[in-house]
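To start, the structure itself, in structure tokens.
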Amino acid sequence: MEDMILEIYRRLLFEYGHRNWWPAKTPFEVIIGAILTQNVSWKNVRTAINNLKSEGLLDFERLHQSEVDTFALLIRSSRYYNQKAKKIKRFIDFFYDEYEGNFQEMIQEETLALRSKLLNINGLGEETVDSILLYACNKPVFVVDAYTKRIFSRYGLITQDAKYKEIQNFFMRKLPHEIGIYNDFHAQLVHLGNEICKTHPNCNACPILQINSKFYCHYGNKKP
DNA sequence: GTCCAGGGCCTAC
DNA sequence: GTAGGCCATGGA
């Protein structure tokens with residue numbers, strides 16, 4: 001099948017419906033979540049976000065006024081919390097230095113220029129920055145994460161040692177350049193990798209496996 | 001008790 | 001340019 005990638009997305013969409021991502025109420029919450037979720041499960045992140053929320057700190061200005069040490073303990077559940085507190089602080093400082101705390105001003109930047117500025121912040125790598133660009137700033141970039149690599153390398157559609165940029169370019173070449181698809185495809189992959197496959201021992205139900213019989217389940221290494 | 005989850009940086013070769 | 005260590009919680 002020529003356009004396997006797009007077909008895989010269609011199947012996921014048909015099976016699970018639009019995922020309505022990211023799990024957050026405001027762009028600021030997306031940004032904090034994107035940093036907190038580095039190498040940790042979302043359950044741990046949710047606890048940390050709830051702690052920030054109950055202290056009224058899920059807010060640009062309030063967090064800008066806070067000391068790192070005061071909110072580091074609130075995000076303890078997110079693992080590496082001292083480092084993550086500093087990363088959040090660095091982002092906020094950048095946000096106020098560069099845009100005077102005006103979110104609209106930030107998202108008016110051209111995508112690649114903004115991407116490069118965000119990558120320049122110590123502690124924000126490609127996945128975190130692209131998540132912010134796509135889910136907080138509504139920019140057309142495809143987010144690559146551990147699920148994307150695991151799922152598609154096990155299906156043999158990318159190599160295991162492929163770099164972030166290679167994978168991202170691969171998907172962006174194969175897919176229409178639409179924010180809606182980038183947004184929902186990534187959400188579908190997280191849903192599949194994180195929830196469906198763990199509770200779904202019957203691989204025959206996986207929408208991706210229905211496409212090509214040479215595929216096997218990406219959850220674990222064994223063929224069904 | 002062990003394993004591992006929606007990374008990224010720093011250092012050493 | 002890259003392998004390996006470091007960061008350091010909570011649920012299964």
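Naming works like this for the structure tokens: A, B, ... for the chains as they're shown, residue 1 at the start of each chain, ligands 1 onward in shown order.
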What residues in chain A have any atom no more than 10 Å from chain C when counting only C-alpha atoms (C1' of nucleotides), and can you write them as an NGL selection string?
:A and (40-41 or 43-44 or 75-84)
Residues of chain B were defined as contacting chain A if any atom lay at most 7 Å from it, counting only C-alpha atoms (C1' of nucleotides); please report them as a ChimeraX atom specification.
/B:5-8
How far is it from CA of Glu98 in chain A to CA of Phe142 in chain A, in Å with one decimal?
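Going from CA of Glu98 in chain A over to CA of Phe142 in chain A, I get 24.9 Å.
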